[in-house]
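*Asks:* This is the structure I want to talk about, given as structure tokens.
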Amino acid sequence: MTQRLAVSAAAVLAATTGSFTASAAGPQAVDLTYGSNILLQNQYGGNGGYLDTNGVSSQPGATYNVNTNQTPNSRGPATSVWKVLSATGKTSGARVTSGDVIYLVNQYGNGTYLDTNGVSARSGAKYMVSATSTKDRGTGTGKWHIFGKTSSPTDGHIRTDDIVNLLNDYGSANGGFLDTNGGANQSGAKYDVVTSHYTDRGAGTGSWKVLPSS
């Protein structure tokens with residue numbers, strides 16, 4: 001793997017821990033809580049790959065490229081694992097609710113934040129997406145509004161196997177929805193990841209399944 005270790009995102013990453021917790025709905029319903037490590041599987045074609053960091057980025061202020069990978073963590077340790085942190089001060093262990101604003105911190109190396117960075121040249125895209133060691137590289141570029149399609153029970157909480165959309169907060173929640181768009185150029189990658197004006201620019205391109213990381 002060609003990546004170099006980034007400067008530590010923040011000491012809080014090492015101190016913040018959490019896990020999925022069993023829901024009152026039943027043994028199969030598992031709540032997403034702050035501090036949890038997750039995988040995000042894109043739903044394009046039923047499996048658009050797992051959100052992943054891949055190689056050093058040439059974007060100003062960015063650390064790693066972001067795309068999808070067919071098999072999670074197959075390129076490097078924890079490149080497909082993302083820690084969910086609150087961007088509004090919710091504590092570790094609190095349940096994640098549809099509409100919350102979150103940070104997604106990749107667990108490769110010292111941790112980097114999912115971030116929008118520059119206008120994308122991809123057809124139908126809005127902004128490029130990368131990972132950075134800085135929590136807020138620009139105003140709202142590292143914050144994401146998480147919206148569940150639905151869940152069971154329908155109480156607003158996000159659970160494993162739920163499908164979500166992720167809206168970037170840049171420009172007062174105008175950074176676009178996290179989206180796959182065309183084949184990626186990086187070795188070992190599947191699709192390029194950008195943002196889009198639409199929740200689903202194509203069938204499932206902006207939809208992501210929440211899965212536990214192990």
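By order in the structure tokens, chains are A, B, ...; within a chain, residues start at 1; ligands start at 1, following the order shown.
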Using only C-alpha atoms, find each residue in segment 22-67 of chain A having at least one atom no more than 10 Å away from segment 163-167 of chain A; report its shortest atom-to-atom pair and that distance in Å (one decimal), rows by chain then rising number, as JSON lines.
*Replies:*
{"residue": "A:Leu40", "atom": "CA", "partner": "A:Val164", "partner_atom": "CA", "distance": 9.2}
{"residue": "A:Gln41", "atom": "CA", "partner": "A:Ile163", "partner_atom": "CA", "distance": 9.1}
{"residue": "A:Asn42", "atom": "CA", "partner": "A:Ile163", "partner_atom": "CA", "distance": 9.2}
{"residue": "A:Gln43", "atom": "CA", "partner": "A:Ile163", "partner_atom": "CA", "distance": 8.5}
*Asks:* Pull N, CA, C and O atoms from the residues just selected and write them as a CSV table (one decimal), in the first residue's frame.
*Replies:*
chain,number,residue,atom,x,y,z
A,40,LEU,N,-19.3,1.2,5.2
A,40,LEU,CA,-20.4,1.7,4.4
A,40,LEU,C,-20.4,1.1,3.0
A,40,LEU,O,-19.4,1.4,2.3
A,41,GLN,N,-21.4,0.3,2.7
A,41,GLN,CA,-21.4,-0.4,1.4
A,41,GLN,C,-22.3,0.4,0.5
A,41,GLN,O,-23.5,0.5,0.7
A,42,ASN,N,-21.8,0.9,-0.6
A,42,ASN,CA,-22.6,1.5,-1.6
A,42,ASN,C,-23.6,0.6,-2.3
A,42,ASN,O,-23.3,-0.6,-2.5
A,43,GLN,N,-24.8,1.1,-2.6
A,43,GLN,CA,-25.8,0.2,-3.1
A,43,GLN,C,-26.0,0.2,-4.6
A,43,GLN,O,-26.9,-0.4,-5.2
*Asks:* So which bits of segment 71-212 of chain A end up helix (DSSP H, G or I) when you DSSP the backbone, as a list in words?
*Replies:*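 Reading the DSSP output for segment 71-212 of chain A, helix (DSSP H, G or I) covers Tyr170, Gly171, Ser172 and Ala173 of chain A.
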*Asks:* Restricting the calculation to only C-alpha atoms, which member of A:Tyr113, A:Tyr198, A:Trp82, A:Tyr170 is positioned closest to Tyr50 of chain A?
*Replies:*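 Looking only at the distances to Tyr50 of chain A, the closest residue turns out to be A:Trp82.
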*Asks:* With only C-alpha atoms as the basis for distance, which of A:Ser152, A:Thr205, A:Asn67, A:Asn47 is at the shortest distance from Leu114 of chain A?
*Replies:*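 For Leu114 of chain A, the nearest of the candidates is A:Asn67.
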*Asks:* Neighbours of Ser123 of chain A within 10 Å (only C-alpha atoms; same-chain residues fewer than 6 positions away dropped), as a list in words?
*Replies:*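 That gives Asn181, Gly182 and Ser196 of chain A.
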